[in-house]
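Chemist: First the structure, which I've put down as structure tokens, then a few questions once you've had a look.
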Amino acid sequence: MEHVLKHEPLLLDKWDSLRRNQLIFTVDTINPISINNQKRKLKDSLRREFNKHPKHVFLTFDDGPLVGSFAIDSLAKAKNVKVSAFLVGRHENMGNARKRDVQRYKANPLVACYNHSYTHGYNKFANFYSDVKASYDDFVKNENVLDLKHKIARLPGRNIWIYDDVRVIDLKSGAKTADTLFTNGYKIYGWDVEWRINSVTGVPVQPLVQTVNKMRNFMNNKSSQTPNNVVLLMHDDMFQTKNGRKLLANLIDSLKKENYKFEFMEDYPIKY
């Protein structure tokens with residue numbers, strides 16, 4: 001007789017079932033505990049279990065190649081951390097320096113290159129997403145022009161997630177393009193936390209401490225898209241100044257002190 005091994009459900013499966021209200025709770029008439037209290041206790045228990053596992057950060061940089069890409073590449077090597085670059089093919093044609101930035105990224109094993117569309121919608125996003133075929137073709141063109149190896153994308157101007165059985169849409173105008181990409185084998189990733197630095201002055205819009213605290217809170221509260229996984233959005237041009245580069249180095253050092261592990265987006269999410 002063949003024995004079928006039954007595997008314990010992943011922590012993430014239990015967490016998702018709780019979050020989606022797919023679990024059935026009953027109240028014991030002898031020792032009554034309200035359903036809300038049962039849910040709270042289970043949530044706290046799952047949090048404690050997640051905390052026994054490593055925590056993972058994904059440093060993602062949009063809109064490269066731009067002035068600032070060289071600094072990102074250099075710091076990834078100097079700090080020995082993985083970073084994810086969501087590239088815009090049109091920017092590669094802005095000059096030989098930008099072409100060299102792409103070549104450096106591709107030659108660096110600590111940098112993974114992904115798709116952020118060819119034109120970035122010329123920053124006219126409503127118009128860009130109004131023609132689903134044209135916007136989809138823009139991603140295909142980017143994949144071909146930059147010879148991207150992974151079918152992983154981030155939509156310009158949209159924080160949309162579509163992968164596995166997850167579908168999270170922020171603005172509906174990008175949904176059909178995202179669905180078309182997913183149907184054609186892409187995974188679409190957004191972000192949990194965004195950090196902005198003034199690209200010209202190097203002055204942070206959100207202070208470094210505030211950004212690190214927000215990431216820590218997402219980790220501790222399990223309130224990111226996936227528990228124990230936090231995706232940070234940045235942009236290449238933020239790091240064209242000396243101060244911007246120093247802040248990025250300090251960010252990496254701060255996250256290392258938290259004992260976070262640095263990952264590529266192609267490995268998202270790390271499941272437990």
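So you can find residues: chains in the structure tokens are A, B, ... in the order shown, residues in each start at 1, and ligands are numbered from 1 in order.
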At a cut-off of 12 Å, using only C-alpha atoms, what residues contact A:Lys172? Leave out same-chain residues fewer than 6 positions from it and give the result as a ChimeraX atom specification.

Modeler: /A:125-126,129-130,157-160,178-179

Chemist: Report as a ChimeraX atom specification all protein, DNA and RNA residues lying within 12 Å of A:Phe239, evaluated on only C-alpha atoms, omitting residues in the same chain fewer than 3 positions from it.

Modeler: /A:61-62,64-75,195-204,234-236,242-249

Chemist: Can you pull out the residues contacting stretch 85-89 of chain A? Cut-off 6 Å, using only C-alpha atoms, and skip same-chain residues under 4 positions away; I want them as a PyMOL selection string.

Modeler: chain A and resi 60-64+113-118+142

Chemist: Please produce a file of the residues just selected, as an mmCIF file, in the first residue's frame, where the atoms kept are all heavy atoms.

Modeler:
data_model
loop_
_atom_site.group_PDB
_atom_site.id
_atom_site.type_symbol
_atom_site.label_atom_id
_atom_site.label_comp_id
_atom_site.auth_asym_id
_atom_site.auth_seq_id
_atom_site.Cartn_x
_atom_site.Cartn_y
_atom_site.Cartn_z
ATOM 1 N N THR A 60 15.449 47.517 -4.576
ATOM 2 C CA THR A 60 15.099 47.644 -5.987
ATOM 3 C C THR A 60 15.278 49.089 -6.437
ATOM 4 O O THR A 60 14.931 50.028 -5.714
ATOM 5 C CB THR A 60 13.654 47.185 -6.248
ATOM 6 O OG1 THR A 60 12.730 48.095 -5.654
ATOM 7 C CG2 THR A 60 13.421 45.778 -5.676
ATOM 8 N N PHE A 61 15.821 49.239 -7.638
ATOM 9 C CA PHE A 61 16.148 50.550 -8.193
ATOM 10 C C PHE A 61 15.476 50.679 -9.560
ATOM 11 O O PHE A 61 15.727 49.879 -10.460
ATOM 12 C CB PHE A 61 17.660 50.719 -8.332
ATOM 13 C CG PHE A 61 18.404 50.601 -7.035
ATOM 14 C CD1 PHE A 61 18.790 49.359 -6.549
ATOM 15 C CD2 PHE A 61 18.715 51.727 -6.286
ATOM 16 C CE1 PHE A 61 19.482 49.239 -5.344
ATOM 17 C CE2 PHE A 61 19.406 51.620 -5.083
ATOM 18 C CZ PHE A 61 19.786 50.372 -4.609
ATOM 19 N N ASP A 62 14.648 51.702 -9.722
ATOM 20 C CA ASP A 62 13.902 51.904 -10.963
ATOM 21 C C ASP A 62 14.545 52.956 -11.861
ATOM 22 O O ASP A 62 15.278 53.843 -11.398
ATOM 23 C CB ASP A 62 12.472 52.350 -10.649
ATOM 24 C CG ASP A 62 11.583 51.200 -10.209
ATOM 25 O OD1 ASP A 62 12.111 50.101 -9.947
ATOM 26 O OD2 ASP A 62 10.361 51.411 -10.109
ATOM 27 N N ASP A 63 14.234 52.836 -13.144
ATOM 28 C CA ASP A 63 14.468 53.862 -14.170
ATOM 29 C C ASP A 63 15.888 53.912 -14.702
ATOM 30 O O ASP A 63 16.201 54.784 -15.520
ATOM 31 C CB ASP A 63 14.075 55.262 -13.677
ATOM 32 C CG ASP A 63 12.606 55.373 -13.326
ATOM 33 O OD1 ASP A 63 11.871 54.409 -13.569
ATOM 34 O OD2 ASP A 63 12.204 56.426 -12.793
ATOM 35 N N GLY A 64 16.773 53.024 -14.245
ATOM 36 C CA GLY A 64 18.116 52.999 -14.813
ATOM 37 C C GLY A 64 18.085 52.532 -16.264
ATOM 38 O O GLY A 64 17.076 51.974 -16.721
ATOM 39 N N CYS A 113 18.917 42.255 -13.423
ATOM 40 C CA CYS A 113 18.272 43.232 -14.293
ATOM 41 C C CYS A 113 16.877 42.757 -14.702
ATOM 42 O O CYS A 113 16.712 41.621 -15.167
ATOM 43 C CB CYS A 113 19.117 43.460 -15.549
ATOM 44 S SG CYS A 113 20.738 44.188 -15.200
ATOM 45 N N TYR A 114 15.892 43.650 -14.553
ATOM 46 C CA TYR A 114 14.502 43.317 -14.834
ATOM 47 C C TYR A 114 13.858 44.402 -15.693
ATOM 48 O O TYR A 114 14.474 45.423 -16.006
ATOM 49 C CB TYR A 114 13.725 43.137 -13.527
ATOM 50 C CG TYR A 114 14.343 42.155 -12.566
ATOM 51 C CD1 TYR A 114 14.767 42.549 -11.303
ATOM 52 C CD2 TYR A 114 14.525 40.818 -12.920
ATOM 53 C CE1 TYR A 114 15.329 41.648 -10.418
ATOM 54 C CE2 TYR A 114 15.102 39.910 -12.040
ATOM 55 C CZ TYR A 114 15.506 40.331 -10.791
ATOM 56 O OH TYR A 114 16.082 39.436 -9.925
ATOM 57 N N ASN A 115 12.580 44.181 -16.030
ATOM 58 C CA ASN A 115 11.887 44.982 -17.039
ATOM 59 C C ASN A 115 11.027 46.084 -16.411
ATOM 60 O O ASN A 115 10.144 45.802 -15.604
ATOM 61 C CB ASN A 115 11.009 44.040 -17.876
ATOM 62 C CG ASN A 115 10.627 44.626 -19.217
ATOM 63 O OD1 ASN A 115 10.531 45.838 -19.387
ATOM 64 N ND2 ASN A 115 10.392 43.749 -20.192
ATOM 65 N N HIS A 116 11.286 47.327 -16.842
ATOM 66 C CA HIS A 116 10.485 48.463 -16.379
ATOM 67 C C HIS A 116 9.884 49.221 -17.568
ATOM 68 O O HIS A 116 9.563 50.399 -17.441
ATOM 69 C CB HIS A 116 11.342 49.385 -15.510
ATOM 70 C CG HIS A 116 10.577 50.344 -14.650
ATOM 71 N ND1 HIS A 116 9.432 49.986 -13.972
ATOM 72 C CD2 HIS A 116 10.784 51.664 -14.357
ATOM 73 C CE1 HIS A 116 8.980 51.039 -13.289
ATOM 74 N NE2 HIS A 116 9.775 52.066 -13.520
ATOM 75 N N SER A 117 9.774 48.534 -18.708
ATOM 76 C CA SER A 117 9.249 49.054 -19.977
ATOM 77 C C SER A 117 10.345 49.785 -20.753
ATOM 78 O O SER A 117 11.355 50.219 -20.183
ATOM 79 C CB SER A 117 8.029 49.971 -19.782
ATOM 80 O OG SER A 117 8.421 51.272 -19.393
ATOM 81 N N TYR A 118 10.117 49.933 -22.047
ATOM 82 C CA TYR A 118 11.120 50.597 -22.896
ATOM 83 C C TYR A 118 11.043 52.116 -22.798
ATOM 84 O O TYR A 118 12.055 52.796 -22.720
ATOM 85 C CB TYR A 118 10.960 50.168 -24.353
ATOM 86 C CG TYR A 118 12.017 50.769 -25.245
ATOM 87 C CD1 TYR A 118 13.309 50.243 -25.276
ATOM 88 C CD2 TYR A 118 11.746 51.900 -26.018
ATOM 89 C CE1 TYR A 118 14.304 50.815 -26.060
ATOM 90 C CE2 TYR A 118 12.734 52.483 -26.803
ATOM 91 C CZ TYR A 118 14.001 51.932 -26.818
ATOM 92 O OH TYR A 118 14.997 52.509 -27.592
ATOM 93 N N ASN A 142 11.406 46.174 -24.655
ATOM 94 C CA ASN A 142 12.453 46.372 -23.655
ATOM 95 C C ASN A 142 13.205 45.076 -23.374
ATOM 96 O O ASN A 142 14.440 45.064 -23.260
ATOM 97 C CB ASN A 142 11.839 46.909 -22.364
ATOM 98 C CG ASN A 142 12.840 47.587 -21.468
ATOM 99 O OD1 ASN A 142 13.648 48.391 -21.927
ATOM 100 N ND2 ASN A 142 12.797 47.286 -20.184
#

Chemist: Give the answer as one residue: which of A:Leu232, A:Val145, A:Leu42, A:Val140 has the shortest atom-to-atom distance to A:Leu255, using only C-alpha atoms?

Modeler: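 Of all the options, A:Leu232 lies closest to A:Leu255.
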
Chemist: Taking the DSSP assignment computed from this structure's backbone, write out as a compact mmCIF listing (two decimals) with all heavy atoms, in the first residue's frame all residues of stretch 22-241 of chain A that belong to strand (DSSP E).

Modeler:
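After the write, out.txt holds the following:
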# COMPACT_ATOMS: atom_id res chain seq x y z
N HIS A 56 14.11 39.04 5.00
CA HIS A 56 14.71 39.29 3.70
C HIS A 56 14.31 40.67 3.17
O HIS A 56 13.15 41.05 3.22
CB HIS A 56 14.26 38.22 2.71
CG HIS A 56 14.51 36.82 3.22
ND1 HIS A 56 15.69 36.15 3.00
CD2 HIS A 56 13.72 35.99 3.94
CE1 HIS A 56 15.61 34.95 3.57
NE2 HIS A 56 14.43 34.84 4.14
N VAL A 57 15.31 41.39 2.65
CA VAL A 57 15.05 42.69 2.03
C VAL A 57 15.43 42.62 0.55
O VAL A 57 16.37 41.92 0.16
CB VAL A 57 15.81 43.84 2.72
CG1 VAL A 57 15.26 44.09 4.11
CG2 VAL A 57 17.30 43.59 2.75
N PHE A 58 14.69 43.38 -0.22
CA PHE A 58 14.90 43.44 -1.67
C PHE A 58 15.14 44.91 -2.02
O PHE A 58 14.21 45.71 -1.97
CB PHE A 58 13.68 42.89 -2.41
CG PHE A 58 13.37 41.45 -2.07
CD1 PHE A 58 12.73 41.13 -0.87
CD2 PHE A 58 13.70 40.42 -2.94
CE1 PHE A 58 12.44 39.81 -0.54
CE2 PHE A 58 13.41 39.10 -2.63
CZ PHE A 58 12.79 38.79 -1.43
N LEU A 59 16.39 45.25 -2.32
CA LEU A 59 16.72 46.62 -2.70
C LEU A 59 16.48 46.76 -4.20
O LEU A 59 17.19 46.18 -5.01
CB LEU A 59 18.19 46.94 -2.38
CG LEU A 59 18.63 46.75 -0.92
CD1 LEU A 59 20.07 47.20 -0.75
CD2 LEU A 59 17.71 47.51 0.03
N THR A 60 15.45 47.52 -4.58
CA THR A 60 15.10 47.64 -5.99
C THR A 60 15.28 49.09 -6.44
O THR A 60 14.93 50.03 -5.71
CB THR A 60 13.65 47.18 -6.25
OG1 THR A 60 12.73 48.10 -5.65
CG2 THR A 60 13.42 45.78 -5.68
N PHE A 61 15.82 49.24 -7.64
CA PHE A 61 16.15 50.55 -8.19
C PHE A 61 15.48 50.68 -9.56
O PHE A 61 15.73 49.88 -10.46
CB PHE A 61 17.66 50.72 -8.33
CG PHE A 61 18.40 50.60 -7.03
CD1 PHE A 61 18.79 49.36 -6.55
CD2 PHE A 61 18.72 51.73 -6.29
CE1 PHE A 61 19.48 49.24 -5.34
CE2 PHE A 61 19.41 51.62 -5.08
CZ PHE A 61 19.79 50.37 -4.61
N ASP A 62 14.65 51.70 -9.72
CA ASP A 62 13.90 51.90 -10.96
C ASP A 62 14.55 52.96 -11.86
O ASP A 62 15.28 53.84 -11.40
CB ASP A 62 12.47 52.35 -10.65
CG ASP A 62 11.58 51.20 -10.21
OD1 ASP A 62 12.11 50.10 -9.95
OD2 ASP A 62 10.36 51.41 -10.11
N ASP A 63 14.23 52.84 -13.14
CA ASP A 63 14.47 53.86 -14.17
C ASP A 63 15.89 53.91 -14.70
O ASP A 63 16.20 54.78 -15.52
CB ASP A 63 14.08 55.26 -13.68
CG ASP A 63 12.61 55.37 -13.33
OD1 ASP A 63 11.87 54.41 -13.57
OD2 ASP A 63 12.20 56.43 -12.79
N GLY A 64 16.77 53.02 -14.25
CA GLY A 64 18.12 53.00 -14.81
C GLY A 64 18.09 52.53 -16.26
O GLY A 64 17.08 51.97 -16.72
N VAL A 83 21.28 43.49 -5.40
CA VAL A 83 20.34 44.55 -5.73
C VAL A 83 19.61 44.19 -7.02
O VAL A 83 20.10 43.39 -7.83
CB VAL A 83 21.04 45.93 -5.88
CG1 VAL A 83 21.82 46.28 -4.63
CG2 VAL A 83 21.93 45.95 -7.11
N SER A 84 18.44 44.78 -7.19
CA SER A 84 17.60 44.52 -8.36
C SER A 84 17.36 45.82 -9.11
O SER A 84 16.88 46.80 -8.53
CB SER A 84 16.26 43.92 -7.92
OG SER A 84 16.45 42.67 -7.28
N ALA A 85 17.71 45.82 -10.41
CA ALA A 85 17.58 47.02 -11.24
C ALA A 85 16.44 46.82 -12.25
O ALA A 85 16.51 45.90 -13.07
CB ALA A 85 18.89 47.30 -11.96
N PHE A 86 15.42 47.68 -12.17
CA PHE A 86 14.33 47.65 -13.14
C PHE A 86 14.64 48.71 -14.21
O PHE A 86 14.55 49.91 -13.95
CB PHE A 86 12.99 47.91 -12.45
CG PHE A 86 12.49 46.73 -11.67
CD1 PHE A 86 12.88 46.53 -10.35
CD2 PHE A 86 11.65 45.80 -12.26
CE1 PHE A 86 12.42 45.43 -9.63
CE2 PHE A 86 11.18 44.69 -11.55
CZ PHE A 86 11.58 44.51 -10.23
N LEU A 87 15.00 48.23 -15.40
CA LEU A 87 15.62 49.08 -16.42
C LEU A 87 14.64 49.59 -17.46
O LEU A 87 13.67 48.92 -17.81
CB LEU A 87 16.74 48.31 -17.12
CG LEU A 87 17.88 47.80 -16.22
CD1 LEU A 87 18.88 47.00 -17.05
CD2 LEU A 87 18.56 48.94 -15.50
N VAL A 111 24.03 42.17 -9.23
CA VAL A 111 22.95 42.98 -9.78
C VAL A 111 22.10 42.11 -10.69
O VAL A 111 22.62 41.44 -11.59
CB VAL A 111 23.48 44.18 -10.58
CG1 VAL A 111 22.32 44.97 -11.20
CG2 VAL A 111 24.32 45.09 -9.70
N ALA A 112 20.79 42.10 -10.46
CA ALA A 112 19.85 41.41 -11.34
C ALA A 112 19.07 42.47 -12.11
O ALA A 112 18.61 43.46 -11.54
CB ALA A 112 18.90 40.53 -10.54
N CYS A 113 18.92 42.26 -13.42
CA CYS A 113 18.27 43.23 -14.29
C CYS A 113 16.88 42.76 -14.70
O CYS A 113 16.71 41.62 -15.17
CB CYS A 113 19.12 43.46 -15.55
SG CYS A 113 20.74 44.19 -15.20
N TYR A 114 15.89 43.65 -14.55
CA TYR A 114 14.50 43.32 -14.83
C TYR A 114 13.86 44.40 -15.69
O TYR A 114 14.47 45.42 -16.01
CB TYR A 114 13.73 43.14 -13.53
CG TYR A 114 14.34 42.15 -12.57
CD1 TYR A 114 14.77 42.55 -11.30
CD2 TYR A 114 14.53 40.82 -12.92
CE1 TYR A 114 15.33 41.65 -10.42
CE2 TYR A 114 15.10 39.91 -12.04
CZ TYR A 114 15.51 40.33 -10.79
OH TYR A 114 16.08 39.44 -9.92
N ASN A 115 12.58 44.18 -16.03
CA ASN A 115 11.89 44.98 -17.04
C ASN A 115 11.03 46.08 -16.41
O ASN A 115 10.14 45.80 -15.60
CB ASN A 115 11.01 44.04 -17.88
CG ASN A 115 10.63 44.63 -19.22
OD1 ASN A 115 10.53 45.84 -19.39
ND2 ASN A 115 10.39 43.75 -20.19
N ILE A 152 10.33 39.26 -15.37
CA ILE A 152 9.93 39.95 -14.15
C ILE A 152 9.82 41.43 -14.49
O ILE A 152 10.73 42.00 -15.10
CB ILE A 152 10.94 39.71 -13.02
CG1 ILE A 152 10.85 38.25 -12.55
CG2 ILE A 152 10.72 40.67 -11.86
CD1 ILE A 152 11.89 37.85 -11.56
N ALA A 153 8.71 42.04 -14.10
CA ALA A 153 8.48 43.43 -14.48
C ALA A 153 7.91 44.23 -13.33
O ALA A 153 7.30 43.70 -12.41
CB ALA A 153 7.53 43.49 -15.68
N TRP A 161 0.98 44.15 -8.01
CA TRP A 161 1.58 42.84 -7.78
C TRP A 161 0.71 41.77 -8.44
O TRP A 161 -0.48 41.66 -8.12
CB TRP A 161 1.65 42.51 -6.30
CG TRP A 161 2.32 43.51 -5.40
CD1 TRP A 161 1.84 44.73 -5.03
CD2 TRP A 161 3.57 43.35 -4.73
NE1 TRP A 161 2.71 45.34 -4.17
CE2 TRP A 161 3.79 44.51 -3.97
CE3 TRP A 161 4.51 42.31 -4.69
CZ2 TRP A 161 4.91 44.68 -3.18
CZ3 TRP A 161 5.64 42.48 -3.90
CH2 TRP A 161 5.84 43.65 -3.16
N ILE A 162 1.27 40.99 -9.34
CA ILE A 162 0.57 39.82 -9.88
C ILE A 162 1.61 38.70 -10.04
O ILE A 162 2.50 38.78 -10.89
CB ILE A 162 -0.11 40.08 -11.23
CG1 ILE A 162 -1.03 41.30 -11.16
CG2 ILE A 162 -0.91 38.86 -11.67
CD1 ILE A 162 -1.77 41.59 -12.46
N TYR A 163 1.49 37.70 -9.19
CA TYR A 163 2.39 36.54 -9.25
C TYR A 163 1.70 35.39 -8.51
O TYR A 163 0.89 35.61 -7.61
CB TYR A 163 3.75 36.85 -8.62
CG TYR A 163 3.68 37.16 -7.14
CD1 TYR A 163 3.85 36.16 -6.18
CD2 TYR A 163 3.41 38.44 -6.69
CE1 TYR A 163 3.77 36.44 -4.82
CE2 TYR A 163 3.32 38.74 -5.34
CZ TYR A 163 3.50 37.73 -4.41
OH TYR A 163 3.40 38.01 -3.08
N VAL A 166 -1.47 35.68 -6.36
CA VAL A 166 -1.60 37.03 -5.80
C VAL A 166 -1.94 38.02 -6.92
O VAL A 166 -1.32 38.00 -7.99
CB VAL A 166 -0.29 37.46 -5.10
CG1 VAL A 166 -0.37 38.92 -4.67
CG2 VAL A 166 -0.01 36.55 -3.91
N ARG A 167 -2.91 38.86 -6.67
CA ARG A 167 -3.25 39.95 -7.60
C ARG A 167 -3.66 41.17 -6.79
O ARG A 167 -4.75 41.20 -6.21
CB ARG A 167 -4.36 39.54 -8.55
CG ARG A 167 -4.66 40.58 -9.65
CD ARG A 167 -5.73 40.05 -10.61
NE ARG A 167 -5.96 40.98 -11.72
CZ ARG A 167 -6.82 42.00 -11.69
NH1 ARG A 167 -7.55 42.21 -10.59
NH2 ARG A 167 -6.97 42.79 -12.75
N VAL A 168 -2.78 42.16 -6.72
CA VAL A 168 -3.03 43.39 -5.96
C VAL A 168 -2.88 44.57 -6.92
O VAL A 168 -1.82 44.78 -7.50
CB VAL A 168 -2.05 43.54 -4.77
CG1 VAL A 168 -2.33 44.83 -4.01
CG2 VAL A 168 -2.15 42.33 -3.84
N LYS A 187 5.96 37.86 -14.09
CA LYS A 187 5.56 38.16 -12.71
C LYS A 187 5.71 39.67 -12.53
O LYS A 187 6.73 40.26 -12.93
CB LYS A 187 6.41 37.40 -11.71
CG LYS A 187 6.21 35.89 -11.75
CD LYS A 187 7.05 35.19 -10.70
CE LYS A 187 6.79 33.68 -10.71
NZ LYS A 187 7.58 32.98 -9.69
N ILE A 188 4.71 40.28 -11.91
CA ILE A 188 4.68 41.73 -11.72
C ILE A 188 4.87 42.03 -10.24
O ILE A 188 4.12 41.52 -9.40
CB ILE A 188 3.33 42.33 -12.18
CG1 ILE A 188 2.87 41.73 -13.50
CG2 ILE A 188 3.42 43.84 -12.24
CD1 ILE A 188 3.81 41.93 -14.65
N VAL A 193 7.87 49.66 0.63
CA VAL A 193 8.35 50.93 1.18
C VAL A 193 9.06 51.68 0.05
O VAL A 193 9.80 51.07 -0.74
CB VAL A 193 9.33 50.71 2.35
CG1 VAL A 193 9.83 52.05 2.90
CG2 VAL A 193 8.66 49.90 3.46
N GLU A 194 8.85 52.97 -0.02
CA GLU A 194 9.59 53.80 -0.99
C GLU A 194 10.47 54.79 -0.24
O GLU A 194 10.05 55.38 0.76
CB GLU A 194 8.64 54.55 -1.92
CG GLU A 194 9.39 55.39 -2.95
CD GLU A 194 8.48 56.06 -3.97
OE1 GLU A 194 7.24 55.98 -3.81
OE2 GLU A 194 9.01 56.67 -4.92
N ASN A 229 9.44 39.46 4.22
CA ASN A 229 9.96 39.96 2.95
C ASN A 229 9.56 41.42 2.81
O ASN A 229 8.35 41.72 2.85
CB ASN A 229 9.37 39.19 1.77
CG ASN A 229 9.78 37.72 1.72
OD1 ASN A 229 10.58 37.30 0.89
ND2 ASN A 229 9.20 36.91 2.61
N VAL A 230 10.52 42.31 2.65
CA VAL A 230 10.20 43.73 2.45
C VAL A 230 10.91 44.22 1.20
O VAL A 230 12.13 44.08 1.06
CB VAL A 230 10.59 44.58 3.66
CG1 VAL A 230 10.45 46.07 3.34
CG2 VAL A 230 9.71 44.24 4.87
N VAL A 231 10.14 44.79 0.28
CA VAL A 231 10.66 45.33 -0.97
C VAL A 231 10.77 46.84 -0.84
O VAL A 231 9.77 47.52 -0.56
CB VAL A 231 9.75 44.96 -2.16
CG1 VAL A 231 10.31 45.55 -3.45
CG2 VAL A 231 9.62 43.44 -2.28
N LEU A 232 11.98 47.35 -1.05
CA LEU A 232 12.23 48.79 -0.97
C LEU A 232 12.41 49.36 -2.37
O LEU A 232 13.24 48.86 -3.14
CB LEU A 232 13.48 49.07 -0.13
CG LEU A 232 13.91 50.55 -0.03
CD1 LEU A 232 12.86 51.38 0.69
CD2 LEU A 232 15.26 50.67 0.68
N LEU A 233 11.65 50.39 -2.69
CA LEU A 233 11.77 51.07 -3.98
C LEU A 233 12.65 52.30 -3.86
O LEU A 233 12.45 53.14 -2.98
CB LEU A 233 10.38 51.48 -4.48
CG LEU A 233 10.34 52.47 -5.66
CD1 LEU A 233 10.95 51.85 -6.91
CD2 LEU A 233 8.92 52.95 -5.92
N MET A 234 13.61 52.39 -4.78
CA MET A 234 14.44 53.59 -4.94
C MET A 234 14.57 53.86 -6.43
O MET A 234 14.06 53.11 -7.25
CB MET A 234 15.81 53.37 -4.28
CG MET A 234 15.74 53.16 -2.78
SD MET A 234 17.31 52.53 -2.07
CE MET A 234 17.19 50.78 -2.52
N HIS A 235 15.25 54.95 -6.79
CA HIS A 235 15.48 55.28 -8.19
C HIS A 235 16.95 55.58 -8.42
O HIS A 235 17.60 56.19 -7.55
CB HIS A 235 14.62 56.47 -8.61
CG HIS A 235 13.14 56.17 -8.64
ND1 HIS A 235 12.37 56.16 -7.49
CD2 HIS A 235 12.32 55.83 -9.65
CE1 HIS A 235 11.12 55.84 -7.80
NE2 HIS A 235 11.06 55.63 -9.11

Chemist: I need the residues in stretch 123-217 of chain A that are helix (DSSP H, G or I) according to DSSP; give them as JSON, numbers by chain.

Modeler: {"A": [123, 125, 126, 127, 128, 129, 130, 132, 133, 134, 135, 136, 137, 138, 139, 140, 141, 142, 143, 144, 145, 146, 172, 173, 174, 175, 176, 177, 178, 179, 180, 181, 182, 183, 208, 209, 210, 211, 212, 213, 214, 215, 216, 217]}

Chemist: What's the 9 Å shell around stretch 44-54 of chain A, counting only C-alpha atoms, without same-chain residues fewer than 6 positions away, as a PyMOL selection string?

Modeler: chain A and resi 11-12+14-15+219-222+227-228+259-261+272

Chemist: Please compute the atom CA of A:Leu110-atom CA of A:Lys82 distance, one decimal, in Å.

Modeler: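 So the two atoms, atom CA of A:Leu110 and atom CA of A:Lys82, lie 4.6 Å apart.
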
Chemist: As a PyMOL selection string, please: the residues near A:Asp13 (cut-off 12 Å, only C-alpha atoms, same-chain neighbours under 6 positions excluded).

Modeler: chain A and resi 19-20+22-23+46+165+226-227+271-272

Chemist: How would the residues just picked look written out with all heavy atoms as a short mmCIF file (atom, residue, chain, number, x, y, z; two decimals), in the first residue's frame?

Modeler:
data_model
loop_
_atom_site.label_atom_id
_atom_site.label_comp_id
_atom_site.auth_asym_id
_atom_site.auth_seq_id
_atom_site.Cartn_x
_atom_site.Cartn_y
_atom_site.Cartn_z
N ARG A 19 -5.61 35.83 6.81
CA ARG A 19 -5.80 37.17 6.26
C ARG A 19 -7.00 37.23 5.32
O ARG A 19 -7.69 38.24 5.23
CB ARG A 19 -4.52 37.60 5.52
CG ARG A 19 -4.53 39.03 5.03
CD ARG A 19 -3.19 39.43 4.47
NE ARG A 19 -2.78 38.55 3.38
CZ ARG A 19 -1.65 38.71 2.69
NH1 ARG A 19 -0.82 39.68 3.00
NH2 ARG A 19 -1.35 37.89 1.70
N ARG A 20 -7.24 36.13 4.60
CA ARG A 20 -8.34 36.09 3.64
C ARG A 20 -9.65 35.56 4.26
O ARG A 20 -10.61 35.30 3.54
CB ARG A 20 -7.94 35.21 2.45
CG ARG A 20 -6.76 35.77 1.66
CD ARG A 20 -6.26 34.76 0.64
NE ARG A 20 -5.10 35.27 -0.09
CZ ARG A 20 -4.39 34.55 -0.97
NH1 ARG A 20 -4.75 33.30 -1.22
NH2 ARG A 20 -3.36 35.09 -1.58
N GLN A 22 -10.36 32.70 5.50
CA GLN A 22 -10.70 31.37 4.98
C GLN A 22 -10.71 30.31 6.08
O GLN A 22 -11.03 29.15 5.80
CB GLN A 22 -9.71 30.98 3.88
CG GLN A 22 -9.80 31.85 2.64
CD GLN A 22 -8.70 31.56 1.64
OE1 GLN A 22 -7.65 31.00 1.99
NE2 GLN A 22 -8.93 31.92 0.39
N LEU A 23 -10.36 30.69 7.31
CA LEU A 23 -10.36 29.74 8.41
C LEU A 23 -11.69 29.80 9.15
O LEU A 23 -12.31 30.86 9.27
CB LEU A 23 -9.21 30.05 9.38
CG LEU A 23 -7.79 29.97 8.80
CD1 LEU A 23 -6.78 30.35 9.86
CD2 LEU A 23 -7.50 28.57 8.27
N LEU A 46 1.53 32.99 14.85
CA LEU A 46 2.19 32.92 13.55
C LEU A 46 3.32 33.94 13.46
O LEU A 46 4.38 33.65 12.89
CB LEU A 46 1.17 33.15 12.43
CG LEU A 46 0.13 32.04 12.24
CD1 LEU A 46 -0.88 32.44 11.18
CD2 LEU A 46 0.81 30.72 11.85
N ASP A 165 -0.72 33.18 -7.01
CA ASP A 165 -2.17 33.42 -6.90
C ASP A 165 -2.46 34.81 -6.32
O ASP A 165 -3.57 35.08 -5.87
CB ASP A 165 -2.83 32.34 -6.05
CG ASP A 165 -2.35 32.36 -4.60
OD1 ASP A 165 -1.28 32.97 -4.33
OD2 ASP A 165 -3.02 31.79 -3.73
N THR A 226 4.39 40.16 1.75
CA THR A 226 4.64 38.81 2.26
C THR A 226 5.43 38.93 3.56
O THR A 226 6.43 39.65 3.60
CB THR A 226 5.46 37.98 1.25
OG1 THR A 226 4.77 37.93 -0.01
CG2 THR A 226 5.68 36.57 1.76
N PRO A 227 5.00 38.26 4.63
CA PRO A 227 5.75 38.34 5.90
C PRO A 227 7.21 37.96 5.72
O PRO A 227 7.56 37.06 4.93
CB PRO A 227 5.03 37.31 6.78
CG PRO A 227 3.65 37.23 6.23
CD PRO A 227 3.80 37.40 4.74
N LYS A 271 9.61 31.92 1.17
CA LYS A 271 8.46 31.38 1.91
C LYS A 271 8.90 30.49 3.07
O LYS A 271 9.89 29.78 2.96
CB LYS A 271 7.56 30.56 0.97
CG LYS A 271 6.96 31.36 -0.17
CD LYS A 271 6.10 30.48 -1.05
CE LYS A 271 5.50 31.27 -2.22
NZ LYS A 271 4.65 30.42 -3.07
N TYR A 272 8.12 30.53 4.14
CA TYR A 272 8.31 29.65 5.29
C TYR A 272 6.99 29.01 5.67
O TYR A 272 5.93 29.52 5.35
CB TYR A 272 8.88 30.44 6.47
CG TYR A 272 10.24 31.01 6.21
CD1 TYR A 272 10.41 32.36 5.96
CD2 TYR A 272 11.37 30.17 6.14
CE1 TYR A 272 11.66 32.89 5.70
CE2 TYR A 272 12.61 30.69 5.86
CZ TYR A 272 12.76 32.04 5.64
OH TYR A 272 14.00 32.55 5.36
#
